[in-house]
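In what follows, a single structure is set out as structure tokens and then discussed.
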Amino acid sequence: MDAGFDMAAAWLAAQAQLPDGWALDSVQCASTGLAPEDRSDDWVAVAVGPNGEERRSRAADPVGALAALANSFRQRPTR
């Protein structure tokens with residue numbers, strides 16, 4: 001991950017690419033616990049739709065997770 005990345009800019013860029021009614025919810029570490037087998041350096045970006053549906057994307061850094069999430073709507077549009 002580039003030390004000069006701008007999370008605010010990445011967040012705004014991803015949100016702008018989401019379909020109407022969808023909003024970014026969070027970007028979080030993919031770790032599920034403190035045990036070594038539960039740890040991860042990956043990041044997960046989450047968007048929530050108008051009916052409570054959720055879409056997630058995972059990447060090695062938070063900016064990549066946001067970009068992958070936005071891209072997922074172009075590859076697999078909502079109904």
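Labeling convention for the structure tokens: chains A, B, ... as they appear, residues from 1 per chain, ligands from 1 in order of appearance.
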Mind checking which residues fall within 12 Å of Arg76 of chain A, counting only C-alpha atoms, ignoring those fewer than 6 positions away in the same chain, and posting them as a PyMOL selection string? chain A and resi 18-19+55+68-70
If you run DSSP on the backbone, which residues of chain A are strand (DSSP E), as a list in words?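 The residues of chain A classed as strand (DSSP E) are Ala23, Leu24, Asp25, Ser26, Val27, Gln28, Cys29, Trp43, Val44, Ala45, Val46, Ala47, Val48, Glu54, Arg55, Arg56, Ser57, Arg58 and Ala59 of chain A.
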With distances taken over only C-alpha atoms, which of A:Arg58, A:Glu53, A:Arg74, A:Ala45 is nearest to Trp11 of chain A?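 Among the listed residues, A:Ala45 lies closest to Trp11 of chain A.
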How many Å lie between atom CA of Ser31 of chain A and atom CA of Trp43 of chain A, rounded to one decimal?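 The value is 8.4 Å.
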Can you tell me how far atom CA of Val44 of chain A sits from atom CA of Thr78 of chain A, in Å to one decimal?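 Rounded to one decimal, the two atoms are 19.4 Å apart.
The nearest approach to Arg56 of chain A among the residues A:Leu34, A:Met7, A:Ala14, A:Val27, with only C-alpha atoms taken into account, belongs to A:Val27.
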Taking only chain A into account, list the residues labelled alpha helix (DSSP H) by DSSP (computed from the backbone), as a short mmCIF file (atom, residue, chain, number, x, y, z; two decimals) with N, CA and C atoms, in the first residue's frame.
```cif
data_model
loop_
_atom_site.label_atom_id
_atom_site.label_comp_id
_atom_site.auth_asym_id
_atom_site.auth_seq_id
_atom_site.Cartn_x
_atom_site.Cartn_y
_atom_site.Cartn_z
N MET A 7 -7.41 7.93 1.96
CA MET A 7 -8.61 7.16 2.20
C MET A 7 -9.87 7.95 1.90
N ALA A 8 -9.88 9.23 2.23
CA ALA A 8 -11.07 10.04 1.97
C ALA A 8 -11.36 10.09 0.47
N ALA A 9 -10.34 10.28 -0.32
CA ALA A 9 -10.52 10.34 -1.77
C ALA A 9 -10.96 8.98 -2.31
N ALA A 10 -10.37 7.90 -1.80
CA ALA A 10 -10.75 6.56 -2.24
C ALA A 10 -12.20 6.26 -1.87
N TRP A 11 -12.62 6.65 -0.67
CA TRP A 11 -13.99 6.44 -0.21
C TRP A 11 -14.96 7.19 -1.13
N LEU A 12 -14.68 8.47 -1.37
CA LEU A 12 -15.57 9.29 -2.20
C LEU A 12 -15.65 8.76 -3.63
N ALA A 13 -14.51 8.32 -4.17
CA ALA A 13 -14.50 7.78 -5.53
C ALA A 13 -15.33 6.50 -5.61
N ALA A 14 -15.20 5.63 -4.63
CA ALA A 14 -15.97 4.38 -4.62
C ALA A 14 -17.46 4.68 -4.46
N GLN A 15 -17.82 5.56 -3.54
CA GLN A 15 -19.23 5.88 -3.31
C GLN A 15 -19.86 6.44 -4.58
N ALA A 16 -19.12 7.26 -5.31
CA ALA A 16 -19.64 7.86 -6.53
C ALA A 16 -19.96 6.83 -7.61
N GLN A 17 -19.34 5.66 -7.53
CA GLN A 17 -19.55 4.61 -8.53
C GLN A 17 -20.65 3.63 -8.16
N PRO A 62 -6.85 -1.24 2.04
CA PRO A 62 -8.20 -0.67 2.09
C PRO A 62 -8.61 0.05 0.81
N VAL A 63 -7.68 0.73 0.17
CA VAL A 63 -8.00 1.42 -1.09
C VAL A 63 -8.35 0.40 -2.17
N GLY A 64 -7.61 -0.68 -2.22
CA GLY A 64 -7.90 -1.75 -3.18
C GLY A 64 -9.25 -2.40 -2.93
N ALA A 65 -9.60 -2.57 -1.66
CA ALA A 65 -10.90 -3.16 -1.32
C ALA A 65 -12.03 -2.24 -1.78
N LEU A 66 -11.88 -0.94 -1.59
CA LEU A 66 -12.89 0.01 -2.04
C LEU A 66 -13.02 -0.01 -3.56
N ALA A 67 -11.89 -0.02 -4.26
CA ALA A 67 -11.91 -0.04 -5.72
C ALA A 67 -12.55 -1.33 -6.23
N ALA A 68 -12.22 -2.45 -5.62
CA ALA A 68 -12.79 -3.73 -6.03
C ALA A 68 -14.30 -3.76 -5.79
N LEU A 69 -14.74 -3.17 -4.69
CA LEU A 69 -16.17 -3.12 -4.40
C LEU A 69 -16.90 -2.31 -5.47
N ALA A 70 -16.39 -1.13 -5.77
CA ALA A 70 -17.01 -0.29 -6.80
C ALA A 70 -17.02 -1.02 -8.14
N ASN A 71 -15.92 -1.67 -8.47
CA ASN A 71 -15.82 -2.41 -9.73
C ASN A 71 -16.80 -3.57 -9.79
N SER A 72 -17.11 -4.17 -8.65
CA SER A 72 -18.02 -5.31 -8.63
C SER A 72 -19.41 -4.93 -9.13
N PHE A 73 -19.80 -3.67 -8.98
CA PHE A 73 -21.11 -3.25 -9.47
C PHE A 73 -21.13 -3.11 -10.99
N ARG A 74 -19.99 -2.85 -11.59
CA ARG A 74 -19.91 -2.81 -13.05
C ARG A 74 -19.92 -4.22 -13.61
N GLN A 75 -19.29 -5.16 -12.91
CA GLN A 75 -19.21 -6.53 -13.38
C GLN A 75 -20.50 -7.31 -13.11
#
```
Length of the atom CA of Pro36 of chain A to atom CA of Ser57 of chain A vector [Å]: 22.3 Å
Env of Asp20 of chain A: 12 Å cut, atoms = only C-alpha atoms, seq-sep filter 5 positions within chain, self excluded. Answer as an MDAnalysis selection string. chainID A and resid 15 47:51 73 77:79
Next, the residues of the selection above should be written as a PDB file, in the first residue's frame with C-alpha atoms.
```
ATOM      1  CA  GLN A  15     -19.230   5.881  -3.311  1.00  0.00           C
ATOM      2  CA  ALA A  47     -21.679  -1.532   0.804  1.00  0.00           C
ATOM      3  CA  VAL A  48     -25.332  -1.725   1.829  1.00  0.00           C
ATOM      4  CA  GLY A  49     -28.250  -1.531  -0.589  1.00  0.00           C
ATOM      5  CA  PRO A  50     -31.682   0.028  -0.275  1.00  0.00           C
ATOM      6  CA  ASN A  51     -33.305  -3.203   0.915  1.00  0.00           C
ATOM      7  CA  PHE A  73     -21.112  -3.249  -9.473  1.00  0.00           C
ATOM      8  CA  PRO A  77     -25.016  -4.961 -11.553  1.00  0.00           C
ATOM      9  CA  THR A  78     -27.819  -4.908  -9.015  1.00  0.00           C
ATOM     10  CA  ARG A  79     -31.345  -5.842 -10.029  1.00  0.00           C
TER      11      ARG A  79
END
```
